[in-house]
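So the structure is just underneath, and the comments pick up after that.
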Amino acid sequence: MNQLLIGKILLIGAFQAFFLAALLIKKREKALHDFIIGAWLIFLGLYVAVYTISPAGFFLQNPWLINLYISLLLLNGPFLYWYVKSLIHKDFKPVREIFLHLIPFFLFIFYLLIFFSPDDCLFQPKRIPVFHSKSIPF
């Protein structure tokens, strides 16, 4: 029951992120920080929605996707930095700095693609045989 409630709350949060991003898109006078926060909200909404909507055993059946999914969290730092910097500096152009702040994300993806195999997962669901009996022997 708690998992169902948490799923509903997460879906509400994803919907709110999409709704706020839509409001920012409809804004008449947009600045760079509006585009950055709008993209960040869409990213967060998709991240939460994928986690919530995916079937319960999806990540258990594909444990290598857990690391790819977690690596997306490395994008929150650059989004926050670009948003704050665009608020402080009106002439901020993220083109020069965009790759510098994405280096940790790309390095982690490179690590996953080159040095990681699905067999290396820390969490491997194991099938444990269950014996049913009417009495427990002591």
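In the structure tokens, each chain is lettered A, B, ... as it comes, each chain's residues begin at 1, and ligands are numbered from 1 in order of appearance.
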Go through chain A and collect every residue that DSSP, computed from the backbone, puts in helix (DSSP H, G or I); the answer should be as a tab-separated table (two decimals) with C-alpha atoms, in the first residue's frame.
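Generated file (selection-v6.tsv):
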chain	number	residue	atom	x	y	z
A	2	ASN	CA	2.81	2.43	0.80
A	3	GLN	CA	4.41	1.78	-2.59
A	4	LEU	CA	1.16	2.65	-4.34
A	5	LEU	CA	0.85	5.88	-2.36
A	6	ILE	CA	4.45	6.84	-3.10
A	7	GLY	CA	3.88	6.13	-6.80
A	8	LYS	CA	0.86	8.43	-6.85
A	9	ILE	CA	2.77	11.20	-5.08
A	10	LEU	CA	5.66	10.87	-7.54
A	11	LEU	CA	3.27	11.04	-10.50
A	12	ILE	CA	1.73	14.19	-9.05
A	13	GLY	CA	5.23	15.68	-8.77
A	14	ALA	CA	6.03	14.74	-12.38
A	15	PHE	CA	2.77	16.31	-13.54
A	16	GLN	CA	3.57	19.51	-11.64
A	17	ALA	CA	7.02	19.67	-13.26
A	18	PHE	CA	5.45	19.33	-16.73
A	19	PHE	CA	2.77	21.88	-15.88
A	20	LEU	CA	5.29	24.46	-14.69
A	21	ALA	CA	7.45	23.83	-17.77
A	22	ALA	CA	4.38	24.42	-19.98
A	23	LEU	CA	3.69	27.68	-18.15
A	24	LEU	CA	7.27	28.78	-18.77
A	25	ILE	CA	6.97	27.91	-22.46
A	26	LYS	CA	3.83	30.02	-22.77
A	32	LEU	CA	17.75	32.37	-20.90
A	33	HIS	CA	17.03	31.28	-17.34
A	34	ASP	CA	13.44	30.48	-18.32
A	35	PHE	CA	14.68	28.05	-20.98
A	36	ILE	CA	17.15	26.46	-18.58
A	37	ILE	CA	14.65	25.93	-15.76
A	38	GLY	CA	12.05	24.71	-18.28
A	39	ALA	CA	14.46	22.11	-19.67
A	40	TRP	CA	15.42	21.09	-16.14
A	41	LEU	CA	11.77	20.67	-15.14
A	42	ILE	CA	11.04	18.55	-18.21
A	43	PHE	CA	14.12	16.44	-17.42
A	44	LEU	CA	13.04	15.95	-13.79
A	45	GLY	CA	9.46	15.20	-14.80
A	46	LEU	CA	10.59	12.53	-17.26
A	47	TYR	CA	13.03	11.09	-14.73
A	48	VAL	CA	10.36	10.71	-12.06
A	49	ALA	CA	7.70	9.52	-14.51
A	50	VAL	CA	9.93	6.78	-15.94
A	51	TYR	CA	10.71	5.56	-12.43
A	52	THR	CA	7.05	5.61	-11.41
A	53	ILE	CA	5.47	4.19	-14.55
A	58	PHE	CA	11.70	-3.67	-14.95
A	59	PHE	CA	14.89	-2.66	-13.17
A	60	LEU	CA	15.16	-6.09	-11.56
A	61	GLN	CA	15.08	-7.79	-14.95
A	64	TRP	CA	22.45	-2.71	-15.93
A	65	LEU	CA	19.80	-0.03	-16.60
A	66	ILE	CA	19.94	1.00	-12.94
A	67	ASN	CA	23.40	2.47	-13.41
A	68	LEU	CA	22.42	4.29	-16.60
A	69	TYR	CA	19.35	5.65	-14.84
A	70	ILE	CA	21.36	6.76	-11.81
A	71	SER	CA	23.93	8.46	-14.06
A	72	LEU	CA	21.24	10.90	-15.17
A	73	LEU	CA	21.36	12.37	-11.67
A	74	LEU	CA	24.75	13.83	-12.59
A	75	LEU	CA	22.92	16.29	-14.85
A	76	ASN	CA	21.19	18.07	-11.95
A	77	GLY	CA	24.38	19.90	-10.92
A	78	PRO	CA	25.00	21.48	-14.34
A	79	PHE	CA	21.35	22.48	-14.66
A	80	LEU	CA	21.45	24.18	-11.28
A	81	TYR	CA	24.75	25.92	-12.06
A	82	TRP	CA	23.54	27.19	-15.45
A	83	TYR	CA	20.27	28.40	-13.97
A	84	VAL	CA	21.88	30.34	-11.12
A	85	LYS	CA	24.60	31.75	-13.37
A	86	SER	CA	22.01	32.90	-15.93
A	87	LEU	CA	20.10	34.65	-13.14
A	88	ILE	CA	23.21	36.43	-11.85
A	98	ILE	CA	28.43	23.45	-21.40
A	99	PHE	CA	30.89	20.64	-22.03
A	100	LEU	CA	33.04	21.47	-19.02
A	101	HIS	CA	30.16	20.83	-16.63
A	102	LEU	CA	29.03	17.70	-18.44
A	103	ILE	CA	32.43	16.00	-18.14
A	104	PRO	CA	31.46	13.96	-15.01
A	105	PHE	CA	28.33	12.69	-16.75
A	106	PHE	CA	30.20	11.69	-19.91
A	107	LEU	CA	33.04	10.12	-17.93
A	108	PHE	CA	30.57	7.99	-15.99
A	109	ILE	CA	28.79	6.94	-19.19
A	110	PHE	CA	32.19	6.12	-20.71
A	111	TYR	CA	33.02	4.04	-17.63
A	112	LEU	CA	29.73	2.16	-17.89
A	113	LEU	CA	30.14	1.43	-21.58
A	114	ILE	CA	33.77	0.36	-21.46
A	115	PHE	CA	34.42	-1.20	-18.05
A	118	PRO	CA	25.62	-6.50	-16.80
A	119	ASP	CA	27.21	-9.33	-14.83
A	120	ASP	CA	29.05	-6.80	-12.62
- Query: What does the distance between atom CA of Glu29 of chain A and atom CA of Pro94 of chain A come to in Å, to one decimal place?
  - Reply: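 Rounded to one decimal, the two atoms are 19.6 Å apart.
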